[in-house]
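Data from my_file_4.cif: mmCIF, C-alpha atoms
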```cif
data_work
loop_
_atom_site.label_atom_id
_atom_site.label_comp_id
_atom_site.auth_asym_id
_atom_site.auth_seq_id
_atom_site.Cartn_x
_atom_site.Cartn_y
_atom_site.Cartn_z
CA MET A 19 -39.06 -203.17 16.34
CA ALA A 20 -37.81 -200.96 13.53
CA GLU A 21 -36.27 -197.77 14.80
CA ARG A 22 -37.31 -194.60 13.07
CA ASP A 23 -34.75 -191.90 13.17
CA PRO A 24 -36.62 -188.70 14.03
CA MET A 25 -34.18 -186.72 11.93
CA GLN A 26 -34.76 -188.86 8.81
CA PRO A 27 -31.29 -188.78 7.28
CA SER A 28 -31.01 -188.12 3.57
CA ASP A 29 -29.94 -190.95 1.28
CA SER A 30 -26.80 -188.97 0.64
CA ASP A 31 -25.91 -188.88 4.34
CA ILE A 32 -26.65 -192.58 4.71
CA ALA A 33 -24.31 -193.37 1.80
CA THR A 34 -21.58 -191.01 3.01
CA ALA A 35 -21.74 -192.40 6.55
CA GLY A 36 -21.39 -195.87 5.02
CA GLU A 37 -18.38 -194.79 2.96
CA TYR A 38 -16.87 -193.22 6.07
CA VAL A 39 -17.22 -196.44 8.05
CA LEU A 40 -15.94 -198.59 5.17
CA GLY A 41 -12.97 -196.24 4.84
CA THR A 42 -13.55 -195.50 1.15
CA LEU A 43 -14.57 -191.87 1.53
CA PRO A 44 -11.95 -189.79 -0.32
CA GLN A 45 -9.82 -187.61 1.92
CA PRO A 46 -11.18 -184.06 1.43
CA GLU A 47 -14.74 -185.32 1.87
CA ARG A 48 -13.66 -187.44 4.79
CA GLN A 49 -12.34 -184.41 6.62
CA GLU A 50 -15.51 -182.48 5.85
CA PHE A 51 -17.61 -185.40 7.09
CA ALA A 52 -15.53 -185.75 10.27
CA ARG A 53 -16.12 -182.05 10.97
CA ARG A 54 -19.88 -182.44 10.60
CA LEU A 55 -19.78 -185.59 12.70
CA GLU A 56 -18.44 -183.71 15.69
CA THR A 57 -21.71 -181.89 16.26
CA ASP A 58 -24.32 -183.75 14.22
CA GLU A 59 -25.93 -186.41 16.39
CA ALA A 60 -28.06 -187.85 13.61
CA LEU A 61 -24.90 -188.41 11.60
CA GLN A 62 -23.16 -189.98 14.60
CA HIS A 63 -26.10 -192.34 14.86
CA GLN A 64 -25.70 -193.29 11.19
CA VAL A 65 -22.02 -194.02 11.69
CA ARG A 66 -22.71 -196.22 14.72
CA LEU A 67 -25.46 -198.06 12.89
CA TRP A 68 -23.13 -198.91 10.01
CA GLN A 69 -20.36 -199.97 12.37
CA THR A 70 -22.72 -202.37 14.11
CA GLN A 71 -24.39 -203.59 10.94
CA PHE A 72 -21.14 -204.26 9.06
CA SER A 73 -19.48 -205.94 12.00
CA PRO A 74 -20.81 -209.49 11.34
CA LEU A 75 -18.98 -209.40 7.98
CA THR A 76 -15.80 -210.26 9.87
CA ASP A 77 -17.33 -213.62 10.83
CA GLU A 78 -15.97 -214.93 7.54
CA VAL A 79 -12.43 -213.96 8.54
CA THR A 80 -10.74 -217.01 10.05
CA ALA A 81 -8.79 -216.35 13.24
CA VAL A 82 -5.00 -216.60 12.92
CA PRO A 83 -2.75 -217.50 15.89
CA VAL A 84 -0.73 -214.51 17.04
CA PRO A 85 3.02 -214.98 17.55
CA GLN A 86 4.00 -214.99 21.21
CA HIS A 87 6.30 -211.97 20.91
CA VAL A 88 3.34 -209.69 20.20
CA TRP A 89 1.91 -210.31 23.67
CA ALA A 90 5.33 -210.01 25.26
CA GLY A 91 5.87 -206.67 23.54
CA LEU A 92 2.44 -205.50 24.54
CA GLN A 93 3.08 -206.25 28.19
CA ALA A 94 6.39 -204.46 28.05
CA ARG A 95 4.72 -201.42 26.51
CA LEU A 96 1.79 -201.26 28.90
CA PHE A 97 3.06 -202.70 32.12
CA SER A 98 6.75 -201.97 32.10
CA ASP A 99 6.63 -201.38 35.86
CA THR A 100 6.30 -205.13 36.34
CA ALA A 101 9.42 -205.67 34.28
CA THR A 102 11.62 -203.63 36.61
CA PRO A 103 11.34 -205.15 40.06
CA GLY A 104 13.72 -204.31 42.84
CA GLN A 105 13.45 -200.55 42.48
CA THR A 106 13.56 -198.73 45.75
CA GLY A 107 10.46 -196.85 46.71
CA VAL A 108 11.60 -193.30 46.31
CA PRO A 109 13.03 -193.35 42.79
CA ARG A 110 10.08 -195.41 41.70
CA PHE A 111 7.70 -192.86 43.15
CA TRP A 112 9.35 -189.98 41.35
CA ARG A 113 9.72 -191.95 38.17
CA TRP A 114 6.03 -192.64 38.32
CA LEU A 115 5.21 -189.01 38.97
CA GLY A 116 7.41 -188.06 36.09
CA ILE A 117 5.55 -190.18 33.60
CA GLY A 118 2.14 -189.13 34.86
CA SER A 119 0.44 -186.02 33.57
CA ALA A 120 0.74 -182.72 35.38
CA LEU A 121 -2.82 -183.19 36.52
CA VAL A 122 -2.03 -186.54 38.03
CA ALA A 123 0.91 -185.06 39.84
CA ALA A 124 -1.19 -182.17 41.06
CA SER A 125 -3.97 -184.36 42.39
CA LEU A 126 -1.59 -186.76 44.05
CA LEU A 127 0.42 -183.98 45.62
CA ALA A 128 -2.78 -182.43 46.90
CA VAL A 129 -3.42 -185.62 48.84
CA VAL A 130 0.14 -185.88 50.00
CA LEU A 131 0.26 -182.27 51.14
CA LEU A 132 -3.08 -182.43 52.88
CA ASP A 133 -2.16 -185.58 54.66
CA PRO A 134 -0.24 -185.54 57.93
CA LEU A 135 1.56 -188.59 56.64
CA SER A 136 3.18 -186.58 53.92
CA THR A 137 6.70 -187.61 54.67
CA ILE A 138 7.04 -188.68 51.08
CA GLY A 139 9.67 -186.82 49.20
CA PRO A 140 13.08 -187.12 47.71
CA GLN A 141 14.74 -186.73 51.12
CA ALA A 142 12.45 -188.99 53.09
CA PRO A 143 12.79 -192.76 53.01
CA ALA A 144 9.88 -194.39 51.27
CA ASP A 145 7.21 -195.68 53.55
CA GLU A 146 6.69 -199.25 52.48
CA ARG A 147 3.23 -199.24 53.91
CA LEU A 148 1.71 -196.51 51.77
CA TRP A 149 -0.06 -197.05 48.47
CA VAL A 150 -1.33 -194.49 46.00
CA SER A 151 -3.75 -194.60 43.11
CA ASP A 152 -4.41 -191.66 40.85
CA MET A 153 -7.54 -191.78 38.78
CA VAL A 154 -7.96 -189.34 35.92
CA SER A 155 -10.87 -189.46 33.50
CA GLN A 156 -10.19 -189.84 29.79
CA ASP A 157 -10.70 -186.12 29.16
CA GLY A 158 -8.70 -185.11 32.23
CA GLU A 159 -11.68 -183.23 33.67
CA ILE A 160 -12.13 -185.50 36.67
CA ARG A 161 -9.21 -186.17 38.97
CA LEU A 162 -9.32 -188.39 42.00
CA ALA A 163 -6.51 -189.65 44.15
CA ALA A 164 -6.32 -192.18 46.93
CA LEU A 165 -3.59 -192.78 49.47
CA TYR A 166 -3.86 -195.97 51.46
CA ASP A 167 -2.11 -196.36 54.78
CA GLU A 168 -1.70 -200.03 55.63
CA ASP A 169 -0.95 -199.33 59.29
CA LYS A 170 -4.10 -197.34 59.84
CA GLY A 171 -6.22 -199.34 57.40
CA GLU A 172 -7.38 -196.03 56.06
CA MET A 173 -7.89 -194.70 52.55
CA ARG A 174 -7.49 -190.95 52.20
CA VAL A 175 -9.27 -189.79 49.07
CA SER A 176 -9.16 -186.50 47.25
CA VAL A 177 -11.55 -185.25 44.60
CA GLY A 178 -10.56 -182.53 42.16
CA GLY A 179 -11.83 -181.14 38.90
CA GLN A 180 -15.36 -181.67 37.70
CA ALA A 181 -17.90 -182.72 40.37
CA PRO A 182 -20.49 -185.47 39.84
CA GLY A 183 -23.77 -184.38 38.25
CA GLU A 184 -26.93 -183.40 40.12
CA GLY A 185 -28.28 -186.40 42.03
CA ARG A 186 -25.15 -188.43 41.26
CA ASP A 187 -22.15 -189.52 43.27
CA TRP A 188 -18.79 -191.08 42.48
CA GLU A 189 -18.47 -194.50 44.07
CA LEU A 190 -15.09 -196.04 44.81
CA TRP A 191 -14.47 -199.71 44.01
CA LEU A 192 -11.70 -202.11 44.88
CA ILE A 193 -10.86 -204.50 42.08
CA LYS A 194 -8.72 -207.47 42.87
CA ASP A 195 -7.83 -210.27 40.47
CA GLU A 196 -10.86 -212.31 39.52
CA MET A 197 -13.13 -210.99 42.25
CA ALA A 198 -16.15 -208.84 41.53
CA PRO A 199 -15.52 -205.15 42.32
CA ILE A 200 -16.03 -204.37 46.02
CA SER A 201 -17.54 -201.03 46.99
CA LEU A 202 -15.41 -198.94 49.32
CA GLY A 203 -18.04 -196.23 49.61
CA VAL A 204 -19.07 -192.96 48.07
CA MET A 205 -16.47 -190.28 47.42
CA PRO A 206 -16.85 -186.75 48.77
CA ARG A 207 -18.17 -184.35 46.14
CA GLN A 208 -15.10 -182.17 46.56
CA GLY A 209 -12.04 -182.05 48.77
CA THR A 210 -10.68 -184.88 50.86
CA ALA A 211 -12.07 -187.52 53.13
CA ALA A 212 -10.85 -190.54 55.08
CA MET A 213 -12.48 -193.85 54.26
CA PRO A 214 -11.77 -196.60 56.78
CA ILE A 215 -11.15 -199.96 55.14
CA PRO A 216 -12.88 -202.87 56.89
CA ASP A 217 -10.50 -205.43 58.39
CA GLU A 218 -11.59 -208.19 56.03
CA LEU A 219 -10.67 -206.09 53.00
CA ARG A 220 -7.26 -204.90 54.16
CA ALA A 221 -5.45 -207.96 52.85
CA LEU A 222 -6.86 -207.29 49.38
CA VAL A 223 -5.63 -203.73 48.95
CA ALA A 224 -2.04 -204.46 47.93
CA ASP A 225 -1.69 -204.14 44.12
CA ALA A 226 -5.43 -203.86 43.71
CA THR A 227 -6.99 -201.42 41.26
CA LEU A 228 -9.25 -198.60 42.38
CA ALA A 229 -12.01 -197.42 40.11
CA ILE A 230 -14.68 -194.74 40.30
CA THR A 231 -18.12 -195.21 38.77
CA ASP A 232 -20.90 -192.70 38.29
CA GLU A 233 -23.80 -193.83 40.50
CA PRO A 234 -27.08 -192.48 41.86
CA ALA A 235 -26.66 -190.21 44.92
CA GLY A 236 -25.61 -192.30 47.89
CA GLY A 237 -24.05 -195.00 45.75
CA SER A 238 -25.23 -197.98 43.77
CA PRO A 239 -28.35 -199.38 45.42
CA GLN A 240 -27.56 -202.93 44.29
CA GLY A 241 -24.01 -203.00 45.62
CA VAL A 242 -22.69 -203.62 42.12
CA ALA A 243 -21.43 -200.90 39.81
CA THR A 244 -24.29 -199.69 37.62
CA GLY A 245 -22.81 -196.58 36.06
CA PRO A 246 -19.94 -196.04 33.64
CA VAL A 247 -16.38 -196.16 34.89
CA VAL A 248 -15.22 -192.57 35.32
CA ALA A 249 -11.58 -193.35 36.03
CA ALA A 250 -9.45 -196.20 37.30
CA ALA A 251 -5.87 -196.81 38.30
CA GLN A 252 -3.84 -199.45 40.04
CA LEU A 253 -2.59 -198.88 43.59
CA ARG A 254 1.17 -198.56 43.65
CA ARG A 255 3.48 -198.71 46.59
CA ILE A 256 5.27 -195.45 47.27
CA MET B 3 -12.04 -220.80 28.43
CA PRO B 4 -13.54 -217.53 27.27
CA VAL B 5 -16.78 -217.54 25.31
CA PRO B 6 -18.10 -214.59 23.32
CA ASN B 7 -20.65 -213.72 26.03
CA ASP B 8 -17.79 -212.90 28.34
CA LEU B 9 -16.43 -210.17 26.06
CA ALA B 10 -18.52 -207.36 27.51
CA ASP B 11 -17.55 -208.42 31.01
CA MET B 12 -13.87 -208.60 30.06
CA LEU B 13 -14.03 -205.14 28.50
CA ALA B 14 -15.68 -203.74 31.63
CA ARG B 15 -12.94 -205.24 33.76
CA VAL B 16 -10.26 -203.96 31.41
CA ALA B 17 -11.80 -200.50 31.82
CA MET B 18 -11.23 -200.99 35.53
CA ARG B 19 -7.57 -201.76 34.82
CA ASP B 20 -7.81 -205.49 35.47
CA ARG B 21 -4.73 -206.97 33.81
CA ALA B 22 -5.93 -210.55 34.12
CA ALA B 23 -9.08 -209.60 32.22
CA PHE B 24 -6.95 -207.84 29.60
CA SER B 25 -4.96 -211.04 29.14
CA ARG B 26 -8.14 -213.06 28.73
CA LEU B 27 -9.54 -210.51 26.30
CA TYR B 28 -6.35 -210.73 24.27
CA GLN B 29 -6.47 -214.52 24.19
CA ALA B 30 -10.14 -214.52 23.27
CA THR B 31 -10.07 -211.86 20.55
CA GLY B 32 -6.43 -211.43 19.49
CA PRO B 33 -6.42 -214.15 16.81
CA LYS B 34 -9.57 -212.77 15.18
CA LEU B 35 -8.41 -209.16 15.31
CA PHE B 36 -4.99 -210.26 14.00
CA ALA B 37 -6.73 -211.94 11.07
CA ILE B 38 -8.65 -208.73 10.35
CA CYS B 39 -5.35 -206.80 10.34
CA LEU B 40 -3.77 -209.38 8.04
CA ARG B 41 -6.65 -209.20 5.58
CA ILE B 42 -6.40 -205.43 5.39
CA LEU B 43 -2.62 -204.92 5.62
CA LYS B 44 -1.52 -208.12 3.82
CA ASP B 45 1.81 -207.95 5.61
CA ARG B 46 2.59 -210.08 8.65
CA THR B 47 5.05 -207.79 10.40
CA GLU B 48 2.85 -204.77 9.88
CA ALA B 49 -0.17 -206.69 11.13
CA GLU B 50 1.72 -207.77 14.25
CA ASP B 51 2.73 -204.18 15.01
CA ALA B 52 -0.80 -203.00 14.28
CA LEU B 53 -2.29 -205.58 16.64
CA GLN B 54 -0.02 -204.41 19.42
CA ASP B 55 -1.05 -200.79 18.84
CA ILE B 56 -4.69 -201.82 18.75
CA PHE B 57 -4.49 -203.56 22.11
CA VAL B 58 -2.71 -200.54 23.58
CA LYS B 59 -5.71 -198.51 22.39
CA ILE B 60 -8.12 -201.05 23.82
CA TRP B 61 -6.36 -200.92 27.19
CA HIS B 62 -6.59 -197.15 27.26
CA SER B 63 -10.10 -196.73 25.93
CA ALA B 64 -12.05 -199.76 27.12
CA ASP B 65 -13.85 -197.49 29.56
CA ARG B 66 -15.71 -196.08 26.58
CA TYR B 67 -17.34 -199.45 26.33
CA SER B 68 -17.70 -200.16 30.03
CA THR B 69 -21.45 -199.82 30.20
CA ALA B 70 -22.02 -201.96 27.16
CA ILE B 71 -24.32 -204.90 27.33
CA ALA B 72 -24.19 -205.98 23.69
CA SER B 73 -21.90 -206.36 20.68
CA PRO B 74 -18.46 -205.80 22.12
CA GLN B 75 -17.22 -207.47 18.93
CA ALA B 76 -18.53 -204.54 16.88
CA TRP B 77 -16.57 -202.14 19.05
CA LEU B 78 -13.40 -204.23 18.82
CA ASN B 79 -13.82 -204.61 15.06
CA THR B 80 -14.24 -200.85 14.69
CA VAL B 81 -11.12 -200.05 16.68
CA THR B 82 -9.18 -202.68 14.70
CA ARG B 83 -10.38 -201.73 11.21
CA ASN B 84 -9.88 -198.03 11.87
CA HIS B 85 -6.30 -198.56 12.86
CA ALA B 86 -5.46 -201.00 10.06
CA ILE B 87 -7.11 -198.90 7.35
CA ASP B 88 -5.39 -195.82 8.68
CA LEU B 89 -2.04 -197.58 8.21
CA LEU B 90 -3.05 -198.91 4.82
CA ARG B 91 -4.11 -195.53 3.43
CA ALA B 92 -1.03 -193.84 4.85
CA ARG B 93 1.12 -196.43 3.07
CA LYS B 94 -0.51 -196.07 -0.31
CA PRO B 95 -0.33 -192.63 -1.84
CA GLY B 96 -3.63 -191.71 -3.40
CA GLY B 97 -5.59 -193.94 -1.11
CA GLY B 98 -6.17 -190.97 1.14
CA ASP B 99 -4.92 -191.28 4.66
CA LEU B 100 -7.56 -191.52 7.32
CA ASP B 101 -6.26 -189.06 9.81
CA ALA B 102 -9.62 -189.01 11.52
CA ALA B 103 -9.24 -192.67 12.41
CA GLU B 104 -8.03 -191.83 15.90
CA THR B 105 -11.34 -190.30 16.74
CA LEU B 106 -13.29 -193.11 15.15
CA ALA B 107 -13.11 -195.28 18.24
CA ASP B 108 -15.19 -192.62 19.94
CA ASP B 109 -17.88 -193.24 17.40
CA ALA B 110 -17.91 -196.95 18.02
CA PRO B 111 -21.31 -198.46 18.62
CA THR B 112 -22.98 -197.61 21.89
CA PRO B 113 -24.97 -200.23 23.79
CA GLU B 114 -28.12 -198.50 22.62
CA ASP B 115 -27.15 -198.86 18.98
CA SER B 116 -26.02 -202.42 19.54
CA ALA B 117 -29.27 -203.34 21.20
CA VAL B 118 -31.20 -201.83 18.32
CA THR B 119 -29.31 -203.80 15.75
CA ALA B 120 -28.38 -206.95 17.66
CA SER B 121 -31.53 -208.65 16.43
CA GLU B 122 -30.59 -207.74 12.88
CA GLY B 123 -27.39 -209.75 13.38
CA ARG B 124 -26.67 -211.71 10.25
CA ARG B 125 -29.23 -209.79 8.23
CA ILE B 126 -26.34 -207.97 6.61
CA ASP B 127 -25.54 -211.17 4.72
CA ALA B 128 -29.06 -211.51 3.38
CA CYS B 129 -29.14 -207.85 2.40
CA ILE B 130 -25.76 -208.03 0.66
CA SER B 131 -26.94 -211.10 -1.25
CA ALA B 132 -29.97 -209.12 -2.37
CA LEU B 133 -27.70 -206.60 -4.16
CA ASN B 134 -26.43 -207.28 -7.67
CA PRO B 135 -23.60 -209.78 -7.11
CA PRO B 136 -20.63 -207.58 -8.06
CA ARG B 137 -21.97 -204.70 -5.98
CA GLY B 138 -22.46 -206.79 -2.88
CA GLU B 139 -18.97 -208.16 -3.35
CA ALA B 140 -17.60 -204.61 -3.53
CA VAL B 141 -19.13 -203.74 -0.15
CA ARG B 142 -17.69 -206.91 1.35
CA LEU B 143 -14.22 -206.24 -0.09
CA ALA B 144 -14.24 -202.67 1.16
CA TYR B 145 -15.10 -203.83 4.67
CA VAL B 146 -13.08 -207.02 4.98
CA GLU B 147 -10.06 -206.26 2.76
CA GLY B 148 -10.07 -202.49 3.25
CA ASP B 149 -10.18 -201.91 -0.52
CA SER B 150 -10.20 -198.27 -1.65
CA TYR B 151 -12.15 -197.00 -4.66
CA ILE B 152 -8.96 -197.23 -6.72
CA GLU B 153 -8.56 -200.91 -5.90
CA LEU B 154 -12.24 -201.67 -6.34
CA SER B 155 -12.39 -199.95 -9.73
CA GLN B 156 -9.36 -201.96 -10.89
CA ARG B 157 -10.77 -205.22 -9.56
CA PHE B 158 -14.14 -204.74 -11.23
CA ASP B 159 -12.66 -202.96 -14.23
CA VAL B 160 -14.93 -199.94 -14.12
CA PRO B 161 -14.10 -196.23 -13.89
CA MET B 162 -13.65 -194.98 -10.35
CA ASN B 163 -16.67 -192.69 -10.51
CA THR B 164 -18.82 -195.57 -11.65
CA MET B 165 -17.47 -197.69 -8.83
CA ARG B 166 -18.29 -195.01 -6.35
CA SER B 167 -21.85 -194.47 -7.52
CA TRP B 168 -22.36 -198.27 -7.47
CA LEU B 169 -21.21 -198.43 -3.92
CA ARG B 170 -23.18 -195.42 -2.73
CA ARG B 171 -26.36 -196.79 -4.29
CA SER B 172 -25.62 -200.17 -2.77
CA LEU B 173 -25.27 -198.58 0.67
CA ILE B 174 -28.64 -196.85 0.35
CA GLN B 175 -30.25 -200.14 -0.76
CA LEU B 176 -28.51 -201.96 2.06
CA ARG B 177 -29.79 -199.57 4.68
CA GLU B 178 -33.29 -199.87 3.24
CA CYS B 179 -33.05 -203.65 3.45
CA LEU B 180 -31.53 -203.60 6.96
CA SER B 181 -34.29 -201.33 8.28
CA HIS B 182 -37.18 -203.21 6.75
CA GLY B 183 -35.98 -206.72 6.10
#
```

Please re-express this file's structure in structure tokens.
Amino acid sequence: MAERDPMQPSDSDIATAGEYVLGTLPQPERQEFARRLETDEALQHQVRLWQTQFSPLTDEVTAVPVPQHVWAGLQARLFSDTATPGQTGVPRFWRWLGIGSALVAASLLAVVLLDPLSTIGPQAPADERLWVSDMVSQDGEIRLAALYDEDKGEMRVSVGGQAPGEGRDWELWLIKDEMAPISLGVMPRQGTAAMPIPDELRALVADATLAITDEPAGGSPQGVATGPVVAAAQLRRI
Amino acid sequence: MPVPNDLADMLARVAMRDRAAFSRLYQATGPKLFAICLRILKDRTEAEDALQDIFVKIWHSADRYSTAIASPQAWLNTVTRNHAIDLLRARKPGGGDLDAAETLADDAPTPEDSAVTASEGRRIDACISALNPPRGEAVRLAYVEGDSYIELSQRFDVPMNTMRSWLRRSLIQLRECLSHG
């Protein structure tokens, strides 16, 4: 089924989009093209088409084993928290806050302040039975935070920033190791809510990742995530 | 043992911050993406650093591919080539640095585009073969080796403007062939 682009791009645009994807487009023109690309959907379509169409050309490139130190370095860069065990809760909490964005800090603190359990602070001893996950969308527009209390088996969630679209809801998922994501329920559209965690799931919460997907109102009808991931973050002990 | 069909699933899990899936994705695709970096950068140390940067990007932006149902390889290739060519052009004065490369990952194929072209698959080979041999080779070198117009014009011993009009005409022919072939 040949797709006809309703906008019928000119030959010149087709060629320039191709040069852009190949990386041969000379710099001044490249900048000009990138500017047009920001708003021109037909041009974006051309770029994506070329990217997809050229991609099989790498089949001829024979895979080369990667030296072990690359993976080690990658883990250190991305997951350095795993490389520093033995930290006490409080410094770790503040260290984590420090490296998060201001928005992350704001959304997390909103939960902490709204929660009667908010004994977390530089003076208070860390509560070993509390976990937090901050979830911020790529553009920073959507901010969600969750605070899990192991003793109560309760997840306090807080929604800030942009709300889900009309007829849509954010759905919260628990992701643990190799298991398929497990729905924890639909998030409130704004503000905070308490989501009780069923007994059988409580053992899974430690170190799990929480993620939010964009679903039809009321949550995914199939019980599996159908919409794009809005934001995700691992639960960390505080 | 990962198979290509798992790539979309791995990317979706990576978008959900699943480190085990990230490790599997790395094992499954790292050697190929490393080879792509090596072909473009032609320097082992630089390619190793580039690969690390690329996987950092993948970790942080896999959610842009989370709804994908087809051609995760095209997305990975795009992220990889953009980064490697960006480094290459920055290294060679006159090659023109691709400062827009950061945003290129955003333009990576969407599932919709992938679905449209998935059936075309290897047609690119047939369409490149249909071009005059040196012109098809120029397209291939630009994509796989990251050659600039300067390098292509030296390789084929033609003026740069000639090289460029060859390539642009080849691209128009290619698209014609890919849409109707």

- Given the PyMOL selection byres ((chain B and resi 20) around 9), the residues it picks as a ChimeraX atom specification: /A:193-196,226-227,252 /B:12,14-19,21-25

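Note that the spacing between atom CA of Leu169 of chain B and atom CA of Val141 of chain B amounts to 6.8 Å.
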
Set out as JSON lines a contact list for chain A and chain B with a cut-off of 6 Å, giving each residue of chain A that qualifies its closest atom pair and distance in Å to one decimal, counting only C-alpha atoms, ordered by chain and rising residue number.
```
{"residue": "A:Ala33", "atom": "CA", "partner": "B:Arg170", "partner_atom": "CA", "distance": 5.1}
{"residue": "A:Leu40", "atom": "CA", "partner": "B:Tyr145", "partner_atom": "CA", "distance": 5.3}
{"residue": "A:Thr42", "atom": "CA", "partner": "B:Ser150", "partner_atom": "CA", "distance": 5.2}
{"residue": "A:Gln45", "atom": "CA", "partner": "B:Gly98", "partner_atom": "CA", "distance": 5.0}
{"residue": "A:Arg66", "atom": "CA", "partner": "B:Pro111", "partner_atom": "CA", "distance": 4.7}
{"residue": "A:Thr70", "atom": "CA", "partner": "B:Ala76", "partner_atom": "CA", "distance": 5.5}
{"residue": "A:Ser73", "atom": "CA", "partner": "B:Ala76", "partner_atom": "CA", "distance": 5.2}
{"residue": "A:Ala81", "atom": "CA", "partner": "B:Lys34", "partner_atom": "CA", "distance": 4.1}
{"residue": "A:Val82", "atom": "CA", "partner": "B:Pro33", "partner_atom": "CA", "distance": 4.8}
{"residue": "A:Pro83", "atom": "CA", "partner": "B:Pro33", "partner_atom": "CA", "distance": 5.1}
{"residue": "A:Val84", "atom": "CA", "partner": "B:Pro33", "partner_atom": "CA", "distance": 5.7}
{"residue": "A:Leu92", "atom": "CA", "partner": "B:Gln54", "partner_atom": "CA", "distance": 5.8}
{"residue": "A:Ala229", "atom": "CA", "partner": "B:Met18", "partner_atom": "CA", "distance": 5.9}
{"residue": "A:Pro246", "atom": "CA", "partner": "B:Thr69", "partner_atom": "CA", "distance": 5.3}
{"residue": "A:Ala250", "atom": "CA", "partner": "B:Met18", "partner_atom": "CA", "distance": 5.4}
```

- Query: Any idea what's packed within 6 Å of Ala251 of chain A, counting all atoms listed in the file, ignoring anything in its chain fewer than 5 positions away? Could you give it as an MDAnalysis selection string?
  - Reply: chainID A and resid 151:153 227:228

At a cut-off of 12 Å around the point (-26.0, -183.2, 42.3) (file coordinates), what residues fall inside when counting all atoms listed in the file? I'd like the answer as a PDB file with C-alpha atoms, in the coordinates of the input.
```
ATOM      1  CA  GLN A 180     -15.360-181.670  37.700  1.00  0.00           C
ATOM      2  CA  ALA A 181     -17.900-182.720  40.370  1.00  0.00           C
ATOM      3  CA  PRO A 182     -20.490-185.470  39.840  1.00  0.00           C
ATOM      4  CA  GLY A 183     -23.770-184.380  38.250  1.00  0.00           C
ATOM      5  CA  GLU A 184     -26.930-183.400  40.120  1.00  0.00           C
ATOM      6  CA  GLY A 185     -28.280-186.400  42.030  1.00  0.00           C
ATOM      7  CA  ARG A 186     -25.150-188.430  41.260  1.00  0.00           C
ATOM      8  CA  ASP A 187     -22.150-189.520  43.270  1.00  0.00           C
ATOM      9  CA  TRP A 188     -18.790-191.080  42.480  1.00  0.00           C
ATOM     10  CA  PRO A 206     -16.850-186.750  48.770  1.00  0.00           C
ATOM     11  CA  ARG A 207     -18.170-184.350  46.140  1.00  0.00           C
ATOM     12  CA  GLN A 208     -15.100-182.170  46.560  1.00  0.00           C
ATOM     13  CA  ASP A 232     -20.900-192.700  38.290  1.00  0.00           C
ATOM     14  CA  GLU A 233     -23.800-193.830  40.500  1.00  0.00           C
ATOM     15  CA  PRO A 234     -27.080-192.480  41.860  1.00  0.00           C
ATOM     16  CA  ALA A 235     -26.660-190.210  44.920  1.00  0.00           C
ATOM     17  CA  GLY A 236     -25.610-192.300  47.890  1.00  0.00           C
TER      18      GLY A 236
END
```

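Take atom CA of Val204 of chain A and atom CA of Glu189 of chain A: the distance between them is 4.3 Å.
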
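Computed from the coordinates, the atom CA of Val154 of chain A to atom CA of His63 of chain A distance equals 28.0 Å.
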
Would you kindly return, as a PDB file with C-alpha atoms, in the coordinates of the input, each protein, DNA or RNA residue with an atom no farther than 7 Å from any atom of segment 163-173 of chain A, considering all atoms listed in the file and excluding same-chain residues fewer than 5 positions away?
```pdb
ATOM      1  CA  SER A 125      -3.970-184.360  42.390  1.00  0.00           C
ATOM      2  CA  LEU A 126      -1.590-186.760  44.050  1.00  0.00           C
ATOM      3  CA  VAL A 129      -3.420-185.620  48.840  1.00  0.00           C
ATOM      4  CA  ARG A 147       3.230-199.240  53.910  1.00  0.00           C
ATOM      5  CA  LEU A 148       1.710-196.510  51.770  1.00  0.00           C
ATOM      6  CA  TRP A 149      -0.060-197.050  48.470  1.00  0.00           C
ATOM      7  CA  VAL A 150      -1.330-194.490  46.000  1.00  0.00           C
ATOM      8  CA  SER A 151      -3.750-194.600  43.110  1.00  0.00           C
ATOM      9  CA  ASP A 152      -4.410-191.660  40.850  1.00  0.00           C
ATOM     10  CA  MET A 153      -7.540-191.780  38.780  1.00  0.00           C
ATOM     11  CA  ALA A 212     -10.850-190.540  55.080  1.00  0.00           C
ATOM     12  CA  MET A 213     -12.480-193.850  54.260  1.00  0.00           C
ATOM     13  CA  PRO A 214     -11.770-196.600  56.780  1.00  0.00           C
ATOM     14  CA  ILE A 215     -11.150-199.960  55.140  1.00  0.00           C
ATOM     15  CA  ARG A 220      -7.260-204.900  54.160  1.00  0.00           C
TER      16      ARG A 220
END
```
